[in-house]
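**Q** You'll find model21.cif just under this line, and it carries mmCIF, C-alpha atoms.
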```cif
data_data
#
loop_
_atom_site.label_atom_id
_atom_site.label_comp_id
_atom_site.auth_asym_id
_atom_site.auth_seq_id
_atom_site.Cartn_x
_atom_site.Cartn_y
_atom_site.Cartn_z
CA MET A 1 27.86 -55.53 -32.32
CA LEU A 2 27.74 -51.81 -31.43
CA GLU A 3 26.24 -51.03 -34.83
CA THR A 4 23.58 -53.69 -34.29
CA LEU A 5 22.63 -52.16 -30.95
CA ARG A 6 22.46 -48.70 -32.48
CA SER A 7 20.07 -49.95 -35.14
CA VAL A 8 17.46 -51.01 -32.57
CA MET A 9 18.16 -48.86 -29.50
CA ARG A 10 18.39 -45.19 -28.57
CA PHE A 11 19.86 -43.90 -25.34
CA ARG A 12 17.47 -41.95 -23.15
CA ARG A 13 18.55 -38.36 -22.55
CA LEU A 14 19.63 -37.78 -18.95
CA GLN A 15 16.97 -35.76 -17.15
CA LEU A 16 18.38 -33.75 -14.23
CA ASP A 17 15.07 -32.24 -13.09
CA PRO A 18 13.61 -34.61 -10.45
CA VAL A 19 10.04 -33.41 -11.01
CA GLN A 20 10.32 -33.97 -14.75
CA ARG A 21 11.78 -37.42 -14.14
CA ARG A 22 8.81 -38.23 -11.93
CA LEU A 23 6.28 -37.00 -14.46
CA ALA A 24 7.94 -38.91 -17.28
CA ARG A 25 6.96 -42.11 -15.43
CA ALA A 26 3.32 -41.05 -15.02
CA ALA A 27 1.47 -42.58 -17.96
CA ASN A 28 -1.98 -41.84 -16.53
CA VAL A 29 -3.87 -40.36 -13.58
CA HIS A 30 -3.58 -43.60 -11.61
CA ASP A 31 0.23 -43.33 -11.73
CA LEU A 32 -0.02 -39.80 -10.33
CA ARG A 33 -2.30 -41.08 -7.58
CA VAL A 34 0.38 -43.60 -6.58
CA MET A 35 3.02 -40.86 -6.57
CA ALA A 36 0.82 -38.55 -4.50
CA ARG A 37 0.21 -41.34 -2.00
CA ARG A 38 3.97 -41.71 -1.52
CA ARG A 39 4.64 -37.99 -1.24
CA LEU A 40 1.78 -36.87 1.01
CA PRO A 41 1.18 -37.70 4.69
CA ARG A 42 -1.41 -40.44 4.96
CA GLY A 43 -4.10 -38.28 6.53
CA VAL A 44 -3.72 -35.68 3.79
CA PHE A 45 -3.80 -38.28 1.02
CA ASP A 46 -6.86 -40.00 2.49
CA TYR A 47 -8.68 -36.67 2.74
CA ILE A 48 -8.12 -36.18 -1.00
CA ASP A 49 -8.68 -39.81 -1.97
CA GLY A 50 -11.49 -40.91 0.34
CA GLY A 51 -15.27 -41.00 0.12
CA ALA A 52 -18.31 -41.42 2.33
CA GLU A 53 -18.88 -44.49 4.51
CA ASP A 54 -18.10 -47.70 2.55
CA GLU A 55 -17.04 -45.64 -0.50
CA ARG A 56 -19.34 -47.60 -2.82
CA THR A 57 -20.53 -44.52 -4.66
CA MET A 58 -16.99 -43.22 -5.10
CA ALA A 59 -15.94 -46.57 -6.60
CA GLU A 60 -19.07 -46.78 -8.78
CA ASN A 61 -18.43 -43.34 -10.27
CA SER A 62 -15.35 -44.79 -11.99
CA ALA A 63 -16.60 -48.37 -12.42
CA ALA A 64 -19.67 -47.18 -14.33
CA PHE A 65 -17.39 -45.60 -16.96
CA HIS A 66 -15.56 -48.92 -17.32
CA ARG A 67 -18.82 -50.71 -18.15
CA ILE A 68 -19.42 -48.46 -21.15
CA GLY A 69 -17.76 -49.67 -24.34
CA PHE A 70 -17.11 -48.11 -27.72
CA HIS A 71 -18.53 -48.98 -31.14
CA PRO A 72 -15.76 -47.64 -33.39
CA ARG A 73 -16.61 -46.55 -36.93
CA ILE A 74 -13.98 -46.82 -39.65
CA LEU A 75 -13.00 -45.06 -42.88
CA ARG A 76 -14.73 -41.84 -41.92
CA GLY A 77 -11.98 -39.42 -42.94
CA VAL A 78 -11.39 -38.20 -39.40
CA GLY A 79 -8.12 -36.41 -40.15
CA VAL A 80 -7.04 -34.36 -37.11
CA PRO A 81 -9.78 -34.65 -34.45
CA ASP A 82 -11.17 -31.39 -33.06
CA PRO A 83 -12.35 -31.76 -29.42
CA SER A 84 -13.45 -28.13 -29.07
CA THR A 85 -16.98 -27.24 -28.05
CA THR A 86 -18.90 -24.43 -26.37
CA LEU A 87 -20.06 -24.10 -22.78
CA LEU A 88 -22.23 -21.28 -21.45
CA GLY A 89 -22.01 -19.75 -24.90
CA ARG A 90 -18.23 -19.50 -24.95
CA PRO A 91 -15.62 -21.60 -26.82
CA LEU A 92 -13.95 -24.45 -24.96
CA PRO A 93 -10.90 -26.26 -26.39
CA LEU A 94 -11.77 -29.50 -24.60
CA PRO A 95 -15.04 -30.61 -22.94
CA LEU A 96 -13.55 -30.22 -19.47
CA VAL A 97 -13.89 -27.92 -16.45
CA LEU A 98 -11.69 -28.05 -13.37
CA ALA A 99 -13.99 -28.80 -10.44
CA PRO A 100 -13.93 -26.98 -7.10
CA THR A 101 -11.93 -28.60 -4.31
CA GLY A 102 -11.65 -27.34 -0.74
CA PHE A 103 -8.50 -26.92 1.35
CA THR A 104 -6.31 -27.40 -1.73
CA ARG A 105 -3.16 -26.06 -0.10
CA ILE A 106 -2.75 -29.24 1.93
CA ALA A 107 -1.67 -30.92 -1.34
CA ASP A 108 0.81 -28.19 -2.32
CA PRO A 109 1.69 -24.76 -0.86
CA ASP A 110 0.41 -22.72 -3.82
CA GLY A 111 -2.83 -24.70 -3.86
CA GLU A 112 -5.55 -23.06 -5.90
CA LEU A 113 -3.10 -20.63 -7.54
CA SER A 114 -1.25 -23.52 -9.17
CA VAL A 115 -4.47 -25.08 -10.43
CA ALA A 116 -5.85 -21.79 -11.76
CA ARG A 117 -2.64 -21.06 -13.67
CA ALA A 118 -2.59 -24.55 -15.20
CA ALA A 119 -6.26 -24.23 -16.21
CA ALA A 120 -5.62 -20.86 -17.85
CA ARG A 121 -2.69 -22.28 -19.86
CA ALA A 122 -4.98 -25.06 -21.09
CA GLY A 123 -7.80 -22.60 -21.86
CA LEU A 124 -10.16 -24.37 -19.44
CA PRO A 125 -12.45 -22.90 -16.76
CA TYR A 126 -11.24 -23.24 -13.17
CA THR A 127 -13.79 -23.37 -10.36
CA LEU A 128 -12.70 -21.87 -7.04
CA SER A 129 -14.35 -23.34 -3.94
CA THR A 130 -16.06 -21.33 -1.22
CA LEU A 131 -13.77 -23.31 1.11
CA GLY A 132 -10.67 -22.55 -0.93
CA THR A 133 -7.43 -21.66 0.78
CA ARG A 134 -6.70 -18.90 -1.72
CA SER A 135 -9.09 -16.01 -2.09
CA ILE A 136 -11.28 -14.90 -4.97
CA GLU A 137 -8.95 -11.96 -5.48
CA GLU A 138 -5.71 -13.96 -5.21
CA VAL A 139 -6.83 -16.38 -7.91
CA ALA A 140 -7.99 -13.54 -10.17
CA ALA A 141 -4.57 -11.90 -9.80
CA VAL A 142 -2.72 -14.93 -11.23
CA SER A 143 -5.20 -16.05 -13.90
CA GLU A 144 -6.70 -14.24 -16.85
CA GLY A 145 -8.43 -17.46 -17.88
CA ARG A 146 -12.07 -18.44 -17.36
CA LYS A 147 -12.95 -18.53 -13.66
CA TRP A 148 -16.05 -19.84 -11.97
CA PHE A 149 -16.90 -19.49 -8.29
CA GLN A 150 -18.44 -22.38 -6.39
CA LEU A 151 -20.88 -21.25 -3.71
CA TYR A 152 -22.29 -22.91 -0.63
CA MET A 153 -25.50 -21.19 0.45
CA PHE A 154 -24.60 -20.46 4.07
CA ARG A 155 -27.23 -19.49 6.62
CA ASP A 156 -25.49 -16.13 6.75
CA ARG A 157 -26.90 -14.64 3.56
CA GLY A 158 -24.93 -11.44 4.16
CA LEU A 159 -21.71 -13.43 3.79
CA VAL A 160 -23.07 -15.17 0.68
CA GLU A 161 -23.93 -11.84 -0.94
CA GLU A 162 -20.51 -10.45 -0.06
CA MET A 163 -18.75 -13.39 -1.77
CA VAL A 164 -20.98 -13.08 -4.85
CA LYS A 165 -20.13 -9.39 -5.17
CA ARG A 166 -16.42 -10.11 -4.76
CA ALA A 167 -16.61 -12.73 -7.51
CA ALA A 168 -18.37 -10.30 -9.83
CA ALA A 169 -15.83 -7.55 -9.13
CA SER A 170 -12.97 -9.97 -9.85
CA GLY A 171 -14.28 -11.03 -13.24
CA TYR A 172 -15.63 -14.51 -12.45
CA GLU A 173 -17.84 -15.78 -15.23
CA ALA A 174 -20.29 -18.12 -13.50
CA LEU A 175 -21.57 -19.20 -10.10
CA VAL A 176 -21.66 -22.91 -9.27
CA PHE A 177 -24.34 -23.34 -6.59
CA THR A 178 -23.53 -26.61 -4.79
CA VAL A 179 -26.64 -28.18 -3.27
CA ASP A 180 -25.50 -31.64 -2.11
CA LEU A 181 -23.67 -30.52 1.03
CA THR A 182 -26.36 -29.13 3.28
CA VAL A 183 -24.98 -31.45 5.98
CA HIS A 184 -21.57 -33.08 6.01
CA GLY A 185 -21.24 -36.68 4.82
CA ARG A 186 -19.43 -39.17 7.04
CA ARG A 187 -15.95 -39.81 5.63
CA GLU A 188 -14.77 -42.76 7.64
CA ARG A 189 -11.17 -42.72 6.47
CA ASP A 190 -10.88 -39.29 8.08
CA VAL A 191 -12.59 -40.58 11.23
CA ARG A 192 -10.15 -43.49 11.54
CA ARG A 193 -7.15 -41.20 11.15
CA GLY A 194 -8.56 -38.48 13.38
CA PHE A 195 -8.19 -36.14 10.44
CA GLU A 196 -10.17 -32.91 10.58
CA LEU A 197 -10.14 -29.61 8.73
CA PRO A 198 -8.11 -27.87 9.88
CA PRO A 199 -5.95 -30.85 10.97
CA LYS A 200 -5.32 -31.46 14.64
CA ILE A 201 -1.74 -32.32 15.51
CA GLY A 202 -0.92 -35.40 17.55
CA LEU A 203 2.03 -37.76 17.83
CA ASP A 204 0.86 -39.69 14.77
CA THR A 205 0.74 -36.43 12.78
CA LEU A 206 4.32 -35.61 13.74
CA LEU A 207 5.52 -39.10 12.83
CA ASP A 208 3.70 -38.97 9.50
CA GLY A 209 5.27 -35.61 8.77
CA ALA A 210 8.74 -36.93 9.63
CA ILE A 211 8.52 -39.68 7.01
CA HIS A 212 7.29 -37.19 4.37
CA PRO A 213 9.94 -34.46 4.84
CA GLY A 214 9.47 -32.84 1.42
CA TRP A 215 5.80 -32.14 2.03
CA THR A 216 6.39 -31.16 5.67
CA TRP A 217 9.16 -28.67 4.84
CA SER A 218 7.03 -27.02 2.15
CA PHE A 219 4.02 -26.92 4.46
CA VAL A 220 5.76 -25.30 7.44
CA ARG A 221 7.49 -22.70 5.23
CA GLY A 222 4.20 -21.66 3.61
CA GLU A 223 1.85 -18.91 4.68
CA PRO A 224 -0.76 -19.72 7.34
CA ILE A 225 -3.70 -21.59 5.84
CA ARG A 226 -7.10 -19.96 6.05
CA PHE A 227 -10.50 -20.33 4.46
CA ALA A 228 -9.67 -17.31 2.34
CA ASN A 229 -13.12 -16.73 0.83
CA VAL A 230 -15.04 -16.95 4.09
CA ALA A 231 -12.68 -14.48 5.75
CA GLY A 232 -13.81 -11.02 4.75
CA GLN A 233 -15.54 -7.88 5.91
CA HIS A 234 -18.59 -9.77 7.07
CA VAL A 235 -16.64 -12.28 9.19
CA GLY A 236 -13.21 -10.81 9.79
CA ASP A 237 -10.12 -10.52 7.63
CA GLY A 238 -7.81 -12.11 10.17
CA SER A 239 -9.74 -15.34 10.45
CA THR A 240 -7.63 -18.51 10.22
CA ALA A 241 -8.79 -21.98 9.27
CA VAL A 242 -8.79 -22.90 12.96
CA SER A 243 -10.90 -19.95 14.06
CA LEU A 244 -13.38 -20.36 11.18
CA ALA A 245 -13.87 -24.13 11.32
CA ASP A 246 -16.71 -24.11 13.85
CA TYR A 247 -18.33 -21.12 12.17
CA ILE A 248 -18.38 -22.87 8.79
CA ALA A 249 -19.77 -26.08 10.31
CA SER A 250 -22.65 -24.07 11.75
CA GLN A 251 -23.41 -22.42 8.41
CA MET A 252 -24.52 -25.44 6.35
CA ASP A 253 -28.25 -25.08 5.75
CA PRO A 254 -30.46 -28.16 5.21
CA GLY A 255 -33.46 -25.87 4.70
CA LEU A 256 -32.50 -24.84 1.15
CA THR A 257 -35.20 -24.73 -1.53
CA TRP A 258 -35.47 -23.72 -5.19
CA ARG A 259 -36.32 -20.21 -3.98
CA ASP A 260 -32.73 -19.90 -2.77
CA ALA A 261 -31.57 -20.48 -6.33
CA GLU A 262 -34.01 -17.79 -7.44
CA TRP A 263 -32.59 -15.36 -4.86
CA LEU A 264 -29.06 -16.14 -6.00
CA ARG A 265 -29.97 -15.28 -9.58
CA SER A 266 -31.40 -11.97 -8.36
CA ILE A 267 -28.00 -10.87 -7.00
CA TRP A 268 -25.83 -12.26 -9.82
CA ASP A 269 -25.92 -11.18 -13.46
CA GLY A 270 -24.01 -14.11 -14.97
CA PRO A 271 -24.77 -17.79 -15.56
CA VAL A 272 -25.76 -20.01 -12.63
CA ILE A 273 -24.90 -23.71 -12.56
CA ILE A 274 -26.50 -26.00 -10.00
CA LYS A 275 -24.09 -28.70 -8.90
CA GLY A 276 -25.36 -31.76 -7.10
CA ILE A 277 -28.31 -32.86 -9.27
CA GLN A 278 -28.73 -36.64 -8.90
CA THR A 279 -32.16 -37.39 -10.39
CA VAL A 280 -34.00 -36.82 -13.64
CA ALA A 281 -36.82 -35.13 -11.71
CA ASP A 282 -34.53 -32.46 -10.28
CA ALA A 283 -32.87 -31.92 -13.65
CA ARG A 284 -36.32 -31.19 -15.12
CA ILE A 285 -37.06 -28.69 -12.34
CA ALA A 286 -33.73 -26.93 -12.96
CA ALA A 287 -34.60 -26.62 -16.65
CA ASP A 288 -38.09 -25.34 -15.81
CA GLU A 289 -36.54 -22.76 -13.46
CA GLY A 290 -34.35 -21.42 -16.25
CA ILE A 291 -31.05 -22.45 -14.70
CA ASP A 292 -28.22 -22.10 -17.24
CA ALA A 293 -26.49 -25.45 -16.61
CA ILE A 294 -26.47 -28.37 -14.20
CA ALA A 295 -23.59 -30.44 -12.92
CA LEU A 296 -24.75 -34.00 -12.36
CA SER A 297 -22.72 -34.75 -9.24
CA ASN A 298 -22.66 -36.78 -6.03
CA HIS A 299 -19.73 -34.75 -4.65
CA GLY A 300 -17.25 -37.36 -5.79
CA GLY A 301 -18.91 -39.97 -3.56
CA ARG A 302 -17.99 -37.93 -0.48
CA GLN A 303 -21.50 -37.18 0.75
CA LEU A 304 -24.18 -39.89 0.36
CA ASP A 305 -23.00 -43.45 -0.11
CA SER A 306 -25.22 -45.52 -2.45
CA ALA A 307 -26.07 -42.43 -4.51
CA PRO A 308 -26.21 -43.13 -8.26
CA ALA A 309 -23.07 -43.30 -10.36
CA ILE A 310 -23.06 -40.05 -12.30
CA ILE A 311 -22.34 -41.30 -15.81
CA ASP A 312 -25.44 -43.52 -15.53
CA LEU A 313 -27.55 -40.35 -15.19
CA VAL A 314 -26.26 -38.52 -18.25
CA ALA A 315 -28.36 -40.15 -20.98
CA PRO A 316 -31.66 -40.19 -19.01
CA VAL A 317 -31.22 -36.55 -18.03
CA ALA A 318 -30.30 -35.54 -21.58
CA ASP A 319 -33.44 -37.27 -22.85
CA ALA A 320 -35.55 -35.48 -20.25
CA VAL A 321 -34.26 -31.92 -20.64
CA GLY A 322 -33.23 -31.85 -24.31
CA ASP A 323 -31.57 -28.57 -25.30
CA ARG A 324 -33.16 -26.53 -22.52
CA ILE A 325 -30.16 -26.76 -20.22
CA GLU A 326 -26.49 -27.69 -20.53
CA ILE A 327 -25.28 -30.81 -18.72
CA ILE A 328 -21.91 -31.24 -17.01
CA CYS A 329 -20.88 -34.71 -15.82
CA ASP A 330 -18.97 -34.55 -12.52
CA GLY A 331 -17.72 -37.76 -10.93
CA GLY A 332 -15.19 -40.49 -11.63
CA VAL A 333 -13.39 -38.90 -14.60
CA ARG A 334 -9.88 -40.35 -14.76
CA ARG A 335 -9.19 -40.65 -18.51
CA GLY A 336 -9.98 -38.80 -21.69
CA SER A 337 -12.06 -41.79 -22.74
CA ASP A 338 -14.40 -40.98 -19.84
CA ILE A 339 -14.90 -37.48 -21.24
CA VAL A 340 -15.65 -38.88 -24.70
CA LYS A 341 -18.20 -41.33 -23.27
CA ALA A 342 -19.98 -38.61 -21.28
CA VAL A 343 -20.21 -36.28 -24.28
CA ALA A 344 -21.47 -39.10 -26.51
CA LEU A 345 -24.24 -39.78 -24.00
CA GLY A 346 -25.38 -36.16 -23.89
CA ALA A 347 -23.10 -34.11 -21.61
CA ARG A 348 -21.70 -30.81 -22.85
CA ALA A 349 -18.56 -31.25 -20.72
CA CYS A 350 -17.13 -33.03 -17.70
CA MET A 351 -15.74 -31.79 -14.41
CA ALA A 352 -12.65 -33.33 -12.79
CA GLY A 353 -11.35 -32.63 -9.28
CA ARG A 354 -9.55 -35.59 -7.74
CA ALA A 355 -7.59 -36.16 -10.95
CA TYR A 356 -5.84 -32.80 -10.78
CA LEU A 357 -5.37 -33.08 -7.01
CA TYR A 358 -3.38 -36.26 -7.60
CA GLY A 359 -1.22 -34.33 -10.05
CA LEU A 360 -0.85 -31.43 -7.61
CA GLY A 361 0.08 -33.78 -4.78
CA ALA A 362 2.55 -35.70 -6.93
CA ALA A 363 4.38 -32.82 -8.62
CA GLY A 364 2.84 -29.46 -7.81
CA GLU A 365 1.72 -27.16 -10.61
CA ARG A 366 3.54 -29.19 -13.26
CA GLY A 367 1.59 -32.22 -12.09
CA VAL A 368 -1.66 -30.38 -12.89
CA ASP A 369 -0.31 -29.44 -16.32
CA HIS A 370 0.52 -33.11 -16.85
CA VAL A 371 -3.02 -34.25 -15.97
CA LEU A 372 -4.56 -31.75 -18.39
CA SER A 373 -2.18 -32.74 -21.18
CA LEU A 374 -3.02 -36.41 -20.59
CA PHE A 375 -6.74 -35.66 -20.87
CA ASP A 376 -6.25 -33.60 -24.02
CA ALA A 377 -4.14 -36.27 -25.74
CA ASP A 378 -6.53 -39.03 -24.61
CA VAL A 379 -9.61 -37.29 -26.01
CA ARG A 380 -7.97 -36.63 -29.36
CA ARG A 381 -6.69 -40.20 -29.65
CA ILE A 382 -10.02 -41.78 -28.68
CA MET A 383 -11.92 -39.57 -31.14
CA ALA A 384 -9.59 -40.70 -33.93
CA LEU A 385 -9.94 -44.35 -32.96
CA ILE A 386 -13.75 -44.33 -32.86
CA GLY A 387 -14.16 -42.29 -36.05
CA ALA A 388 -15.27 -38.89 -34.70
CA HIS A 389 -13.78 -35.80 -36.35
CA ASP A 390 -15.44 -33.35 -33.96
CA VAL A 391 -17.65 -33.20 -30.89
CA ALA A 392 -20.82 -33.10 -32.99
CA ALA A 393 -19.90 -36.59 -34.23
CA LEU A 394 -19.83 -37.97 -30.68
CA THR A 395 -23.24 -39.63 -30.65
CA ARG A 396 -24.71 -42.59 -28.82
CA GLU A 397 -24.12 -44.92 -31.76
CA LEU A 398 -20.43 -44.83 -30.79
CA VAL A 399 -20.92 -46.19 -27.25
CA SER A 400 -22.50 -49.29 -25.75
CA VAL A 401 -24.31 -48.87 -22.45
CA PRO A 402 -25.08 -52.00 -20.43
CA THR A 403 -28.71 -52.79 -19.70
CA PRO A 404 -29.63 -51.71 -16.12
CA ARG A 405 -29.64 -54.61 -13.72
#
```
Would you put the structure from the file into structure tokens?
**A**
Amino acid sequence: MLETLRSVMRFRRLQLDPVQRRLARAANVHDLRVMARRRLPRGVFDYIDGGAEDERTMAENSAAFHRIGFHPRILRGVGVPDPSTTLLGRPLPLPLVLAPTGFTRIADPDGELSVARAAARAGLPYTLSTLGTRSIEEVAAVSEGRKWFQLYMFRDRGLVEEMVKRAAASGYEALVFTVDLTVHGRRERDVRRGFELPPKIGLDTLLDGAIHPGWTWSFVRGEPIRFANVAGQHVGDGSTAVSLADYIASQMDPGLTWRDAEWLRSIWDGPVIIKGIQTVADARIAADEGIDAIALSNHGGRQLDSAPAIIDLVAPVADAVGDRIEIICDGGVRRGSDIVKAVALGARACMAGRAYLYGLGAAGERGVDHVLSLFDADVRRIMALIGAHDVAALTRELVSVPTPR
């Protein structure tokens, strides 16, 4: 009987590392989301997970990917698929960029440093947010990989210019000018929980922290959280998240125009990406203005509810701008199959933000590594299954897009 069991069974090796045990059970990004939900206080998780108002746009970002099917081709001699491409004229091992996320240290004490290190190991660009909780210089010190800096065009142009110069001095490759947050969207999950940035502490906060002791202990032992990129010579090096919150809220500028993009290019020598394009018309203008790349994005559904699902924009925008400008698809990416679909429809690459935050919240830096390895394996497997040896073979004949309703 023992011999029979041995012929069909193998004993699993005992894993003593609790983080590795956790990650071994995470088959996809959704599993990491569930783990992050258990580990993080509810207000923190909802800040990461939530969207604007009824969250229709956030849901549609992912649902629109699900409606796209594949048309697999067979007997095409795929061999070992090669998912590498180029972006902004430089090689990229996978059509993926790590998107900017603000206040990242609420998910894990190292925050942006963990994400930047994981991105560098994977050879992927990491985008640091203006509202990051680690500074331009801190991230540069831990990562020799590709680094982009995401910029909000504050009313205080002196502060904007200071951040741009700091990014240039620290070796950042590109600026990501985000244009869809000139006023803050209404995130009703945060309203219901009384969650603000920085968080305000009440009895419910203390109770939530008590039932998530691992997160709470790491949080209280960490350094004070600050908006590290806004603090500087122009504002004050000692500024904390609390002292800067009102200042930042006052700095969002709904009066932005294309001339602001022109000014930004006058003070920055590298590529400029405009993030927040949501129409074909604006994509055409960006191409006419000579912008290097656009990120089709609705801010992860966190700004304007009922904005278009981003994957639905990729093909129309690609048809409108041709090869004049590179297209990045930002919104709803949860699997490597989503990346393959976006590239087949005309995107050069995708951005992902929430996906790696789930990994960070579930298992810290190793959780981010796990997300990136899942994406890499997914893309390679899907390319093999649909008959695409390389990215050039990812064409529209391989996907089926539903007719607009």
**Q** Residue by residue, what does the PyMOL selection byres ((chain A and resi 338) around 12) grab here? Present the result as a PyMOL selection string.
**A** chain A and resi 61-70+95-96+310-311+329-337+339-345+347+349-352+375-376+378-379+382-383+399
**Q** List the residues matched by the PyMOL selection byres ((chain A and resi 323) around 12) in the displayed structure as a list in words, ordered by chain and then by residue number.
**A**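 When the PyMOL selection byres ((chain A and resi 323) around 12) is applied, the selected residues are Arg284, Ala287, Asp288, Gly290, Asp292, Ala293, Val317, Ala318, Asp319, Ala320, Val321, Gly322, Arg324, Ile325, Glu326, Ile327, Gly346, Ala347 and Arg348 of chain A.
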**Q** For Arg193 of chain A, list every protein, DNA or RNA residue within 9 Å, evaluated using only C-alpha atoms, and leave out those in the same chain fewer than 5 positions away; present the list as a PDB file with C-alpha atoms, in the frame of the given file.
**A**
```
ATOM      1  CA  ARG A  42      -1.410 -40.440   4.960  1.00  0.00           C
ATOM      2  CA  GLY A  43      -4.100 -38.280   6.530  1.00  0.00           C
ATOM      3  CA  ASP A  46      -6.860 -40.000   2.490  1.00  0.00           C
ATOM      4  CA  GLU A 188     -14.770 -42.760   7.640  1.00  0.00           C
ATOM      5  CA  ASP A 204       0.860 -39.690  14.770  1.00  0.00           C
TER       6      ASP A 204
END
```
**Q** Which residue gives the smallest distance to Ala363 of chain A among A:Pro91, A:Ala107, A:Arg73, A:Val176, with all atoms listed in the file counted?
**A**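 Checking each of A:Pro91, A:Ala107, A:Arg73, A:Val176 against Ala363 of chain A, counting all atoms listed in the file, the winner is A:Ala107.
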**Q** Around (-20.9, -20.2, 2.3), as given in the file, which residues come within 7 Å? Count all atoms listed in the file and list them as a list in words.
**A**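 Answer for this query, in the requested form: Thr130, Leu151, Tyr152, Met153, Phe154, Leu159, Val160, Val230 and Gln251 of chain A.
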**Q** Of the candidates A:Ala231, A:Ile136, A:Ala355, A:Ala122, which one gets nearest to Gly367 of chain A if we count all atoms listed in the file?
**A**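 The answer is A:Ala355, which sits nearest to Gly367 of chain A.
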**Q** Within 9 Å of (-5.1, -23.8, -10.5) (file coordinates; only C-alpha atoms), which protein or nucleic acid residues are there? I'd like them as a list in words.
**A**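 Protein, DNA and RNA residues close to (-5.1, -23.8, -10.5): Leu98, Asp110, Gly111, Glu112, Leu113, Ser114, Val115, Ala116, Arg117, Ala118, Ala119, Ala120, Tyr126, Thr127, Leu128, Val139, Ser143, Glu365 and Val368 of chain A.
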